[in-house]
Amino acid sequence: MDDNKQQIIHYFIEEAQEHLVTVEQGLLDLAEVISDAERVNEMFRAAHSIKGGAAMLGFEGIQATAHKLEECFKILRDHPVPIDQKLETLFLGGYDALKALVEELANSPTLSMRPEVVASVLSGSAANFVALEEYLEEMLNINTHDTANRESAVAATLGGGTAVMAPPINIVATVTTTLQQMLGLFKQGDSPANRQQLVGIAQSLSSIRPDAGNWQALIRTTAQAIANPNNTYNAVAPLVIRELKQAGDLLAAERDREIVVSVALQQATATVAPVAPIAPAVPTPTAPAVAQITIPVDVRGAAQGILQNFNRQQVTELVVLLHRVISNSKQN
């Protein structure tokens, strides 16, 4: 396994573990959470994100288990039901299965999953998910007077029927497929033609939501970072794959305003000309201005300034970037 994919898998594991915490906290207080639509939606998005990352990397067991939880959370989100001890136990059983699979990957020195372990977890959780889906249907029947509408909604959610309407585009599926294609090209090695192809594929993602300003800004910055010949594939591949994956999840959840171009990605565009001709005197309406801060000269003051102005993820990226710069300067 090459270094690019190893780093991407490490990012996936870290994010999956954070999403598992969100799911666990919600399930442990499900009776209260059910009345908070945003918290229910957080659990849905957490399972959804794990599913998308696993699909991109080919971890089918994790993908399938996260998908089942996602479907059940969708029912809670769209059709609130009475919560009792049995329902909480069944949900926790599904969570335990997903956590076991993520831990199997996280604890593997080869970043792979043993087929016999995956098969055992999937086999052990199958009956639990069947019982969970059936009990959710039963709870829905108790909580609604319109049986016909209930059966139609549950069938569409659980795959037991055909939904009347489908969204015009599956953003997560489109982004995931595109990232898989980009990952394959990164593995082929650096060449001018290869970079140009990667830039074109990245730019094609802009057609998903032409009206989403933050998404468009991220796509432009991503294309410039890839086009920059000073960026090795080992450095730029994990960065753009991770940022596009996270932004795609936010876009699918109608949270475009939360998409932010990271400091590391902005730095990766340095010294590269724009990918497409742009009139320099005309500002791009949708491109957000890059904020600037003043850093004191003394080390302690600089550290405090960074912590006050950047979140944890940005600080982590900054540390990685500084380490890379220092390592490169030593080699030169």
# chains A, B, ... in the order shown; residues from 1 in each chain; ligands from 1
>>> select_by_dssp(residues="region 203-272 of chain A", states="alpha helix (DSSP H)", output="PyMOL selection string")
chain A and resi 203-204+213-227+233-252+263-267
>>> closest_residue(among="A:Ser120, A:Ser112, A:Asn141, A:Gln246", to="His48 (chain A)", atoms="only C-alpha atoms")
A:Gln246
>>> closest_residue(among="A:Pro115, A:Asn4, A:Pro238, A:Arg209", to="Phe59 (chain A)", atoms="only C-alpha atoms")
A:Pro115
>>> atom_distance(atom1="CA of Arg242 (chain A)", atom2="CA of Val172 (chain A)")
13.4 Å
